[in-house]
Amino acid sequence: MSKLTFTDCSRFDALVRDVFPGVDFKDVEYKELTTALQAVFEEAKLEIIPSQMKKALELYEQLRQRMGVVIVGPSGAGKSTLWRMLKAALGKNDKVVKQYTMNPKAMPRQQLLGHIDMDTREWSDGVLTNSARQVVREPQEVSSWIICDGDIDPEWVESLNSVLDDNRLLTMPSGERIQFGPNVNFLFETHDLSCASPATISRMGMIFLSDEDTDVNSLVKSWLQNQSDECRSNLENWIGDYFQKSLDWVLKQNDFVVDTSLVGTVLNGLSHLSGVRERGQFVVSLIRGLGSNLNLKSRQEFAKEVLSWARESPPDPRKPLDTLYDPQTGRLKAYLLEKPENLSADDFTNPQKLPVIQTPDMQRGLDNFKQWLSSENRQPFILVGPEGCGKGMLLRYAFSQLRSTQVATVHCSAQTSSRHILQKLMQTCLILSSNTGRVYRPKDCERLVLYLKDINLPKPDKWGTSNLIAFLQQVLTYHGFYDDNLEWVGLENIQIVASMSAGGTVGRHILTTRFTSVVRICTIDYPDRDQLQTIYSAYLQPVLHRNLKSHPAWGSAGKIHQLAGSLVQVYEQVRAKFTVDDYSHYLFTPCILTQWVLSLFRYDLTGGTSQNSVDLVLEVIAYEGHRLFRDRLVSTKDINAFDNILMSVIRGDWGSDVLENMADSYYVTWGAPHEAGAVIAPGQPLPSHGKPLGRLSSMDLKEVIHKGIIQYGRDNRELDILIFHEVLEYMSRVDRVLSCPGGSLLLAGRSGVGRRTATSVVSHMHGATMFTPKISRGYGLKQFRNDLKHVMQLAGIEGQQVVLLLEDYQFVHFSFLEMVNSLLSSGEVPGLYTTEELEPLLSPLKDQASQDGFTGPIFNYFSYRIQQNLHIVLIMDCTNSNFTINCESNPALYRKCSVQWMEGWSDSSMRKIPEMLLSKTSGQEENKGGKKEHNRKISGQDALTKSFLVIHESCKEYGATPSEYMTFLHIYSTIYSSKKTELIKRQSHLQAGVSKLNEAKALVDELKSKAAEQSTLLRTKQAEADAALQEITVSMQNTSDQKTEMEKIKYKIAEEVSKIEERKATIEGELKEVQPLVDEAKQAVGNIKPESLSEIRSLRMPPDVIRDILEGVLRLMGIFDTSWVSMKSFLAKRGVREDIATFEARNITHEIRESVEELLHKNKASFDPKKCEACKCCSCSAGSLGQGKRSVLACDGEDSASGKGAVRIS
């Protein structure tokens, strides 16, 4: 019976009565125990319920019969109350019961069951085995209950199978065995046995409780007993009138945001009713309590129903939820906007602590959970709302109103566990000893709020249990936990507050109803359009008034309110057009509006004239809208739809066409003036809203990026980048985000679009340190944790701007992405550092924290610096089947990163790339052809580039990516270059051959011409040679003849020689005769006296003899002028005698001889010696001359005859 459900119990009773009719059935009575149970229920101010009393007795019976008993039932059904009351009742009957309570799933399995050190082989007990050792030491009269309050699964409960059967024996992995006695029981408390095996269930007794066993009225009465006497009577009446009716309506609607149990819903409703004294206040509190876990529409209907039942009129019938009770007037009134006064730009320096605009929705949300934060009624609660609705801002504002309270925030992720909570508590709490044992108390304040953000993110194990939730359930139920030394540690003055986004999206897990029943639940929603416009007009005013306070348009509140309306209108149209049903990252929340407004701080909005300033502000608004909305849109259709939305709003509200002038504009940090703070020194933090942005045209930006690529190539490695429209677009986007504090990117797209290159170049241009893990074969969790420590220390300790670049292939373990999610959310990775590592690591930051005025744990400052200085860039492939799952299960990827969809390039760029690549490859060739040839070349190149795109498009169905397109082009370029080089080489060889042939031809032509000339010359020479040869032949013939003749002549000469010899002898004989004549003549000439010569010269006309003799002398001397004057001149010469005496006979020519002989012959008488002798008397000189002349002629005649001419006149 104890294990049957409420309905089955009724059926079983009916069945037994049918089988045994007329038999009166009675339960076993334990009068003493029953009496004791009634007493302890009264002492605990609990209502005595017969069914509960019966279950307590059944539990007692099961404990006596079984070693192990399990109590199963929903949260709030009274499971814990059951064994607590039974234990107290047994104590009243002098039966001592000791309990050892634990939640098996609130700690690691090793801590629960113990473990063996694999190095030393030493066994260490766990919490359960340590409790087992303690209970076996107890005497038999002391009962011991080991209570396991938590989910049951085979991983730990199967270890107890040998304990739960009749053996009662616990065997530990060390080989040690513990034998339990009959005084020991294992008591299990859970809401579900779906994971327990039949072997376990069959060994245990079971007590089943259900919601049907729960008496709500008894629960309410028990709650009323704890209220003050002044309030109790009125509360009892009002609860009787409205509470049950309201609860029934809520349960019938069953439109809960978070699943909880019946008791959880009741306690949620009662939590707002404590201390209520007025009826109107009760009505409003009842709406807040029971309606706080309903969806908005049901909540509004519920408010109308309750107000109608109470006959109360809401101040604003259209908004019944915006109703509060005014204690001063005692009437209901509506929430009013409370706008903060004198907001300035300085209030927005910290984006994490923005001013709160107290709209009606915000005030209502605060009132819904402010009751649970009050020191009198402190309760754990969860604030639930859609993503980006302002949960965090609302809680921070509420916490800031608390006195002496410190907030320890835990940003939950998929791997957050109890160990991370304990680490946070150790950082913020002191361990003190008290009379109940050791306790954790807040360090520097009276109260600590442990705020768990996104509490539904921690991943459950394969049995559906989350270690974090189990730990929190244990803390809330038993106010403590077991530490590493297996010692129970209590918690004091620590309140648990959590927030989460509702919905069953991937990565968010349903909280167990056992947990949601022990915490209070409050739900908030997005503000409506009017409230959004009010919020952002309040934000826009200080932003625009910073530079444009005196501007005719932007200085007025009306224009600013109109601008805020335009922003909200664009946001709402985008949100309605693009939903998460299309793509998971189409999540547009009011946070984007906040970013849109605050980003205006980065621009110089002063634009000269009034109209220019209006257009400039609208242009900046439109540009930021593109970056926030347009950059994450996937398809061209969606992008065009957004452009139409933005254009229609700006044209409709402002009549401006600024969008038409934005095609060639980029706002980048390189366009801002240096004095505006665009240049940040290394190690210095970025401005609170990011580096200033300035406008550049595409040509100017292209030049800046080209210089950046060159500088990157010098410092790192050379990049072969083609700069076209998408490259400029991507680099401007990356520049905008990385220049913001903690700006991170999720670059979704396909491989090869240039995401890594853009990040690398922009990071280098900003002077940031870029780090990416080096994946190797053995790369695993340990190496990744070390890499994270490295970048966190660079950013958090050294204050460097660090870019952590992560790509799909680097997530070799699923927990890598979960750690990155934590790092994005909170600037820390839970459990990354041990306590021993943190102390020396954080010591250098203490002075810096005090200089910055930071208060709180130094680790929080470390996390803050990481959030400011670390930029995480995730490059993920959108075609990967796990892309959506990974992003949805790690919400910070969408929430903390700027999502940039970079799936591909435009068709125009795809066509332009081959042209750029080919022109870069082949160089700028000179166009030598005419215009016609140039046009033909261009058309041919267009056809070629189109063919590249056609081939790529045809391969898209097989998964062709831009990277493969570039590879295809590079391969073509390589082949083209190779072939071109080969052809050029061959061409050069051919040209060299042709040139050689041309040279040979020219040489041949030259040789031919020379040969022709030589041929002519040869013919001439040949003719001459022929003639010469003929002559030679003739000459040879003549020579032969001459030889013959010579021989004849030789013979004749021989004859002549003999004759000459004979003649010689004759001449010598004659010479003997002539010699005296010569001597005589010589003497005669020598005897000539100058006076004789003078005498002859003095003659007017010489005689014929003298004249003939002188004429003969002159002729013989070679003087043919034989006039008397010439003769006188001859005789007048000095040394004439010596000339005549030494005259050389061989100088006498044949003509002279003939002339002299002719003279001798002609005037023979004048030369007769006798006449010469006769004329001596007249002139001895003339006679001597005549004698000398004859001697000379005689000698000359002899010489001529003998061939000798060496005889001189002597």
# chains A, B, ... in the order shown; residues from 1 in each chain; ligands from 1
call {"tool": "residues_around", "arguments": {"residues": "range 410-425 of chain A", "least_positions_apart": "6", "cutoff": "9 Å", "atoms": "only C-alpha atoms", "output": "VMD selection string"}}
result
chain A and resid 106 to 108 440 442 450 to 460 466 to 472 483 507 to 508 815 818 to 819 821 to 822 825 to 826 828 830 to 831 834 to 835 889 to 892
call {"tool": "residues_around", "arguments": {"residues": "Pro542 in chain A", "least_positions_apart": "4", "cutoff": "6 Å", "atoms": "only C-alpha atoms", "output": "PyMOL selection string"}}
result
chain A and resi 344-345+546
call {"tool": "residues_around", "arguments": {"residues": "range 130-142 of chain A", "least_positions_apart": "2", "cutoff": "9 Å", "atoms": "only C-alpha atoms", "output": "JSON, numbers by chain"}}
result
{"A": [95, 96, 97, 98, 100, 113, 114, 125, 126, 127, 128, 144, 145, 146, 170, 178, 179, 180, 181, 182, 183, 184, 486]}
call {"tool": "select_by_dssp", "arguments": {"residues": "range 539-727 of chain A", "states": "alpha helix (DSSP H)", "output": "number ranges by chain"}}
result
A: 539-548, 557-577, 590-598, 610-628, 636-654, 698-715, 725-727
call {"tool": "atom_distance", "arguments": {"atom1": "CA of Val899 in chain A", "atom2": "CA of Thr579 in chain A"}}
result
15.1 Å
call {"tool": "atom_distance", "arguments": {"atom1": "CA of Lys559 in chain A", "atom2": "CA of Leu336 in chain A"}}
result
22.9 Å
call {"tool": "atom_distance", "arguments": {"atom1": "CA of Cys522 in chain A", "atom2": "CA of Ile382 in chain A"}}
result
6.3 Å
call {"tool": "residues_around", "arguments": {"residues": "Gln358 in chain A", "least_positions_apart": "3", "cutoff": "9 Å", "atoms": "only C-alpha atoms", "output": "list in words"}}
result
Leu336, Leu337, Glu338, Lys339, Pro340, Asp361, Met362, Gln363 and Ile535 of chain A
call {"tool": "write_last_selection", "arguments": {"atoms": "C-alpha atoms", "output": "mmCIF file, in the first residue's frame"}}
result
data_model
loop_
_atom_site.group_PDB
_atom_site.id
_atom_site.type_symbol
_atom_site.label_atom_id
_atom_site.label_comp_id
_atom_site.auth_asym_id
_atom_site.auth_seq_id
_atom_site.Cartn_x
_atom_site.Cartn_y
_atom_site.Cartn_z
ATOM 1 C CA LEU A 336 4.286 56.470 -13.430
ATOM 2 C CA LEU A 337 7.489 57.084 -15.301
ATOM 3 C CA GLU A 338 10.326 58.266 -13.062
ATOM 4 C CA LYS A 339 12.942 59.716 -15.354
ATOM 5 C CA PRO A 340 16.299 60.564 -13.781
ATOM 6 C CA ASP A 361 7.462 47.792 -16.364
ATOM 7 C CA MET A 362 10.739 48.273 -14.546
ATOM 8 C CA GLN A 363 9.042 49.427 -11.348
ATOM 9 C CA ILE A 535 14.196 54.913 -22.289
#
call {"tool": "select_by_dssp", "arguments": {"residues": "range 351-444 of chain A", "states": "strand (DSSP E or B)", "output": "PDB file with N, CA, C and O atoms, in the first residue's frame"}}
result
ATOM      1  N   GLN A 358      13.298  54.376 -14.780  1.00  0.00           N
ATOM      2  CA  GLN A 358      12.259  53.636 -14.058  1.00  0.00           C
ATOM      3  C   GLN A 358      10.913  53.780 -14.770  1.00  0.00           C
ATOM      4  O   GLN A 358      10.054  54.571 -14.403  1.00  0.00           O
ATOM      5  N   PHE A 381      15.349  33.351  -4.962  1.00  0.00           N
ATOM      6  CA  PHE A 381      14.400  33.486  -6.067  1.00  0.00           C
ATOM      7  C   PHE A 381      15.138  33.453  -7.395  1.00  0.00           C
ATOM      8  O   PHE A 381      16.353  33.635  -7.471  1.00  0.00           O
ATOM      9  N   ILE A 382      14.356  33.217  -8.452  1.00  0.00           N
ATOM     10  CA  ILE A 382      14.857  33.223  -9.828  1.00  0.00           C
ATOM     11  C   ILE A 382      14.094  34.286 -10.596  1.00  0.00           C
ATOM     12  O   ILE A 382      12.854  34.309 -10.579  1.00  0.00           O
ATOM     13  N   LEU A 383      14.838  35.160 -11.279  1.00  0.00           N
ATOM     14  CA  LEU A 383      14.230  36.154 -12.149  1.00  0.00           C
ATOM     15  C   LEU A 383      14.283  35.602 -13.574  1.00  0.00           C
ATOM     16  O   LEU A 383      15.357  35.325 -14.110  1.00  0.00           O
ATOM     17  N   VAL A 384      13.115  35.454 -14.177  1.00  0.00           N
ATOM     18  CA  VAL A 384      13.008  34.811 -15.487  1.00  0.00           C
ATOM     19  C   VAL A 384      12.521  35.840 -16.502  1.00  0.00           C
ATOM     20  O   VAL A 384      11.612  36.632 -16.210  1.00  0.00           O
ATOM     21  N   THR A 405      25.701  45.124   1.590  1.00  0.00           N
ATOM     22  CA  THR A 405      25.520  43.885   0.825  1.00  0.00           C
ATOM     23  C   THR A 405      26.557  43.826  -0.297  1.00  0.00           C
ATOM     24  O   THR A 405      26.789  44.823  -0.988  1.00  0.00           O
ATOM     25  N   GLN A 406      27.135  42.683  -0.424  1.00  0.00           N
ATOM     26  CA  GLN A 406      28.076  42.435  -1.522  1.00  0.00           C
ATOM     27  C   GLN A 406      27.489  41.373  -2.435  1.00  0.00           C
ATOM     28  O   GLN A 406      26.818  40.437  -1.974  1.00  0.00           O
ATOM     29  N   VAL A 407      27.747  41.529  -3.729  1.00  0.00           N
ATOM     30  CA  VAL A 407      27.209  40.605  -4.724  1.00  0.00           C
ATOM     31  C   VAL A 407      28.358  39.795  -5.323  1.00  0.00           C
ATOM     32  O   VAL A 407      29.338  40.366  -5.801  1.00  0.00           O
ATOM     33  N   ALA A 408      28.238  38.483  -5.270  1.00  0.00           N
ATOM     34  CA  ALA A 408      29.196  37.584  -5.919  1.00  0.00           C
ATOM     35  C   ALA A 408      28.488  36.961  -7.113  1.00  0.00           C
ATOM     36  O   ALA A 408      27.542  36.177  -6.940  1.00  0.00           O
ATOM     37  N   THR A 409      28.924  37.341  -8.302  1.00  0.00           N
ATOM     38  CA  THR A 409      28.243  36.889  -9.521  1.00  0.00           C
ATOM     39  C   THR A 409      28.940  35.670 -10.097  1.00  0.00           C
ATOM     40  O   THR A 409      30.161  35.652 -10.238  1.00  0.00           O
ATOM     41  N   VAL A 410      28.159  34.670 -10.410  1.00  0.00           N
ATOM     42  CA  VAL A 410      28.653  33.472 -11.083  1.00  0.00           C
ATOM     43  C   VAL A 410      27.955  33.394 -12.436  1.00  0.00           C
ATOM     44  O   VAL A 410      26.725  33.236 -12.500  1.00  0.00           O
ATOM     45  N   HIS A 411      28.725  33.544 -13.500  1.00  0.00           N
ATOM     46  CA  HIS A 411      28.167  33.433 -14.845  1.00  0.00           C
ATOM     47  C   HIS A 411      28.170  31.952 -15.224  1.00  0.00           C
ATOM     48  O   HIS A 411      29.214  31.371 -15.505  1.00  0.00           O
ATOM     49  N   CYS A 429      34.037  34.847   1.167  1.00  0.00           N
ATOM     50  CA  CYS A 429      33.595  34.539   2.525  1.00  0.00           C
ATOM     51  C   CYS A 429      34.771  34.177   3.429  1.00  0.00           C
ATOM     52  O   CYS A 429      35.857  33.825   2.964  1.00  0.00           O
ATOM     53  N   LEU A 430      34.509  34.263   4.724  1.00  0.00           N
ATOM     54  CA  LEU A 430      35.448  33.808   5.744  1.00  0.00           C
ATOM     55  C   LEU A 430      34.924  32.519   6.358  1.00  0.00           C
ATOM     56  O   LEU A 430      33.710  32.355   6.534  1.00  0.00           O
ATOM     57  N   ILE A 431      35.829  31.609   6.699  1.00  0.00           N
ATOM     58  CA  ILE A 431      35.438  30.372   7.370  1.00  0.00           C
ATOM     59  C   ILE A 431      35.619  30.573   8.875  1.00  0.00           C
ATOM     60  O   ILE A 431      36.735  30.814   9.347  1.00  0.00           O
ATOM     61  N   LEU A 432      34.514  30.507   9.588  1.00  0.00           N
ATOM     62  CA  LEU A 432      34.537  30.715  11.037  1.00  0.00           C
ATOM     63  C   LEU A 432      34.016  29.472  11.745  1.00  0.00           C
ATOM     64  O   LEU A 432      33.295  28.662  11.174  1.00  0.00           O
ATOM     65  N   SER A 433      34.394  29.353  12.991  1.00  0.00           N
ATOM     66  CA  SER A 433      33.908  28.235  13.810  1.00  0.00           C
ATOM     67  C   SER A 433      32.800  28.738  14.727  1.00  0.00           C
ATOM     68  O   SER A 433      32.925  29.799  15.359  1.00  0.00           O
ATOM     69  N   SER A 434      31.723  27.985  14.806  1.00  0.00           N
ATOM     70  CA  SER A 434      30.596  28.343  15.666  1.00  0.00           C
ATOM     71  C   SER A 434      30.200  27.119  16.483  1.00  0.00           C
ATOM     72  O   SER A 434      30.802  26.049  16.370  1.00  0.00           O
ATOM     73  N   GLY A 437      29.484  24.178  14.348  1.00  0.00           N
ATOM     74  CA  GLY A 437      30.528  23.740  13.439  1.00  0.00           C
ATOM     75  C   GLY A 437      31.066  24.901  12.626  1.00  0.00           C
ATOM     76  O   GLY A 437      30.847  26.076  12.940  1.00  0.00           O
ATOM     77  N   ARG A 438      31.744  24.575  11.589  1.00  0.00           N
ATOM     78  CA  ARG A 438      32.329  25.622  10.743  1.00  0.00           C
ATOM     79  C   ARG A 438      31.271  26.205   9.816  1.00  0.00           C
ATOM     80  O   ARG A 438      30.403  25.478   9.306  1.00  0.00           O
ATOM     81  N   VAL A 439      31.368  27.532   9.591  1.00  0.00           N
ATOM     82  CA  VAL A 439      30.386  28.218   8.739  1.00  0.00           C
ATOM     83  C   VAL A 439      31.110  29.200   7.823  1.00  0.00           C
ATOM     84  O   VAL A 439      32.206  29.691   8.142  1.00  0.00           O
ATOM     85  N   TYR A 440      30.482  29.483   6.694  1.00  0.00           N
ATOM     86  CA  TYR A 440      30.926  30.528   5.774  1.00  0.00           C
ATOM     87  C   TYR A 440      30.102  31.782   6.060  1.00  0.00           C
ATOM     88  O   TYR A 440      28.870  31.735   6.033  1.00  0.00           O
ATOM     89  N   ARG A 441      30.816  32.908   6.262  1.00  0.00           N
ATOM     90  CA  ARG A 441      30.137  34.187   6.435  1.00  0.00           C
ATOM     91  C   ARG A 441      30.785  35.214   5.505  1.00  0.00           C
ATOM     92  O   ARG A 441      31.970  35.120   5.196  1.00  0.00           O
ATOM     93  N   PRO A 442      30.019  36.215   5.055  1.00  0.00           N
ATOM     94  CA  PRO A 442      30.581  37.219   4.145  1.00  0.00           C
ATOM     95  C   PRO A 442      31.787  37.925   4.758  1.00  0.00           C
ATOM     96  O   PRO A 442      31.852  38.143   5.970  1.00  0.00           O
TER      97      PRO A 442
END
call {"tool": "closest_residue", "arguments": {"among": "A:Asn295, A:Pro21, A:Ile1109, A:Thr1142", "to": "Lys1164 in chain A", "atoms": "only C-alpha atoms"}}
result
A:Ile1109
call {"tool": "residues_around", "arguments": {"residues": "Asp808 in chain A", "least_positions_apart": "6", "cutoff": "12 Å", "atoms": "only C-alpha atoms", "output": "list of chain:residue names"}}
result
A:Leu746, A:Leu747, A:Ala748, A:Gly749, A:Arg750, A:Ser751, A:Arg756, A:Thr772, A:Pro773, A:Ile775, A:Phe814, A:Phe816, A:Leu817, A:Val873, A:Leu874, A:Ile875, A:Met876, A:Asp877, A:Cys878, A:Thr879, A:Asn880, A:Ser881, A:Asn882, A:Phe883, A:Asn886, A:Cys887
call {"tool": "closest_residue", "arguments": {"among": "A:Met770, A:Val620, A:Leu532, A:Ile723", "to": "Gln800 in chain A", "atoms": "only C-alpha atoms"}}
result
A:Met770
call {"tool": "residues_around", "arguments": {"residues": "Pro314 in chain A", "least_positions_apart": "5", "cutoff": "10 Å", "atoms": "only C-alpha atoms", "output": "list of chain:residue names"}}
result
A:Ala303, A:Lys304, A:Leu307, A:Ser308, A:Lys319, A:Pro320, A:Leu321, A:Asp322, A:Thr323, A:Leu324, A:Leu332, A:Lys333, A:Ala334
call {"tool": "write_last_selection", "arguments": {"atoms": "N, CA and C atoms", "output": "JSON list (two decimals), in the first residue's frame"}}
result
[["chain", "number", "residue", "atom", "x", "y", "z"],
["A", 303, "ALA", "N", -4.86, 39.23, -13.61],
["A", 303, "ALA", "CA", -5.03, 40.48, -12.88],
["A", 303, "ALA", "C", -6.45, 41.02, -13.02],
["A", 304, "LYS", "N", -7.00, 40.93, -14.22],
["A", 304, "LYS", "CA", -8.38, 41.38, -14.42],
["A", 304, "LYS", "C", -9.34, 40.57, -13.58],
["A", 307, "LEU", "N", -8.99, 41.43, -9.79],
["A", 307, "LEU", "CA", -9.55, 42.76, -9.53],
["A", 307, "LEU", "C", -11.07, 42.76, -9.61],
["A", 308, "SER", "N", -11.59, 41.95, -10.55],
["A", 308, "SER", "CA", -13.05, 41.89, -10.65],
["A", 308, "SER", "C", -13.67, 41.15, -9.47],
["A", 319, "LYS", "N", -4.14, 48.43, -18.79],
["A", 319, "LYS", "CA", -2.94, 47.83, -18.21],
["A", 319, "LYS", "C", -3.19, 47.49, -16.75],
["A", 320, "PRO", "N", -3.93, 46.43, -16.52],
["A", 320, "PRO", "CA", -4.25, 46.08, -15.12],
["A", 320, "PRO", "C", -3.02, 45.68, -14.31],
["A", 321, "LEU", "N", -1.96, 45.21, -15.01],
["A", 321, "LEU", "CA", -0.76, 44.81, -14.26],
["A", 321, "LEU", "C", -0.02, 46.02, -13.70],
["A", 322, "ASP", "N", -0.20, 47.18, -14.33],
["A", 322, "ASP", "CA", 0.51, 48.39, -13.86],
["A", 322, "ASP", "C", -0.23, 49.03, -12.70],
["A", 323, "THR", "N", -0.62, 48.21, -11.75],
["A", 323, "THR", "CA", -1.39, 48.68, -10.60],
["A", 323, "THR", "C", -0.59, 48.42, -9.32],
["A", 324, "LEU", "N", -0.51, 49.43, -8.47],
["A", 324, "LEU", "CA", 0.14, 49.24, -7.17],
["A", 324, "LEU", "C", -0.71, 49.88, -6.09],
["A", 332, "LEU", "N", -5.58, 52.17, -4.88],
["A", 332, "LEU", "CA", -4.76, 51.66, -5.98],
["A", 332, "LEU", "C", -4.40, 52.80, -6.92],
["A", 333, "LYS", "N", -3.22, 52.74, -7.46],
["A", 333, "LYS", "CA", -2.80, 53.74, -8.44],
["A", 333, "LYS", "C", -1.93, 53.07, -9.49],
["A", 334, "ALA", "N", -1.69, 53.78, -10.58],
["A", 334, "ALA", "CA", -0.89, 53.24, -11.68],
["A", 334, "ALA", "C", 0.57, 53.67, -11.53]]
call {"tool": "residues_around", "arguments": {"residues": "Pro741 in chain A", "least_positions_apart": "5", "cutoff": "8 Å", "atoms": "only C-alpha atoms", "output": "number ranges by chain"}}
result
A: 685-690, 867-869
call {"tool": "write_last_selection", "arguments": {"atoms": "all heavy atoms", "output": "tab-separated table (two decimals), in the first residue's frame"}}
result
chain	number	residue	atom	x	y	z
A	685	PRO	N	44.50	51.15	-21.42
A	685	PRO	CA	43.14	50.63	-21.70
A	685	PRO	C	42.48	51.44	-22.82
A	685	PRO	O	42.81	52.60	-23.05
A	685	PRO	CB	42.41	50.82	-20.36
A	685	PRO	CG	43.16	51.92	-19.67
A	685	PRO	CD	44.60	51.78	-20.10
A	686	LEU	N	41.55	50.80	-23.49
A	686	LEU	CA	40.81	51.48	-24.54
A	686	LEU	C	39.79	52.43	-23.92
A	686	LEU	O	39.38	52.26	-22.76
A	686	LEU	CB	40.08	50.45	-25.40
A	686	LEU	CG	40.96	49.50	-26.22
A	686	LEU	CD1	40.11	48.41	-26.85
A	686	LEU	CD2	41.73	50.25	-27.28
A	687	PRO	N	39.37	53.46	-24.66
A	687	PRO	CA	38.29	54.33	-24.14
A	687	PRO	C	37.05	53.51	-23.83
A	687	PRO	O	36.83	52.44	-24.39
A	687	PRO	CB	38.05	55.30	-25.31
A	687	PRO	CG	39.32	55.29	-26.10
A	687	PRO	CD	39.88	53.91	-25.96
A	688	SER	N	36.24	54.03	-22.92
A	688	SER	CA	35.12	53.23	-22.40
A	688	SER	C	34.16	52.79	-23.50
A	688	SER	O	33.57	51.71	-23.41
A	688	SER	CB	34.35	54.03	-21.35
A	688	SER	OG	33.90	55.26	-21.89
A	689	HIS	N	34.00	53.62	-24.54
A	689	HIS	CA	33.10	53.25	-25.63
A	689	HIS	C	33.85	52.81	-26.89
A	689	HIS	O	33.23	52.50	-27.90
A	689	HIS	CB	32.17	54.41	-25.97
A	689	HIS	CG	31.29	54.82	-24.84
A	689	HIS	ND1	30.24	54.05	-24.39
A	689	HIS	CD2	31.34	55.90	-24.03
A	689	HIS	CE1	29.66	54.65	-23.37
A	689	HIS	NE2	30.29	55.78	-23.12
A	690	GLY	N	35.18	52.78	-26.82
A	690	GLY	CA	35.98	52.37	-27.97
A	690	GLY	C	36.71	53.54	-28.59
A	690	GLY	O	36.45	54.72	-28.29
A	867	GLN	N	37.87	41.12	-19.18
A	867	GLN	CA	36.73	41.50	-20.00
A	867	GLN	C	37.01	42.75	-20.83
A	867	GLN	O	36.49	42.90	-21.94
A	867	GLN	CB	35.50	41.74	-19.11
A	867	GLN	CG	34.89	40.46	-18.58
A	867	GLN	CD	33.67	40.74	-17.72
A	867	GLN	OE1	33.76	41.44	-16.72
A	867	GLN	NE2	32.53	40.20	-18.10
A	868	GLN	N	37.85	43.65	-20.31
A	868	GLN	CA	38.16	44.88	-21.03
A	868	GLN	C	39.22	44.68	-22.11
A	868	GLN	O	39.15	45.29	-23.18
A	868	GLN	CB	38.65	45.95	-20.03
A	868	GLN	CG	37.60	46.40	-19.04
A	868	GLN	CD	36.46	47.16	-19.71
A	868	GLN	OE1	36.68	48.15	-20.39
A	868	GLN	NE2	35.24	46.70	-19.52
A	869	ASN	N	40.20	43.82	-21.84
A	869	ASN	CA	41.38	43.74	-22.70
A	869	ASN	C	41.43	42.53	-23.61
A	869	ASN	O	42.24	42.50	-24.54
A	869	ASN	CB	42.65	43.76	-21.85
A	869	ASN	CG	42.78	45.04	-21.04
A	869	ASN	OD1	42.33	46.10	-21.46
A	869	ASN	ND2	43.38	44.95	-19.86
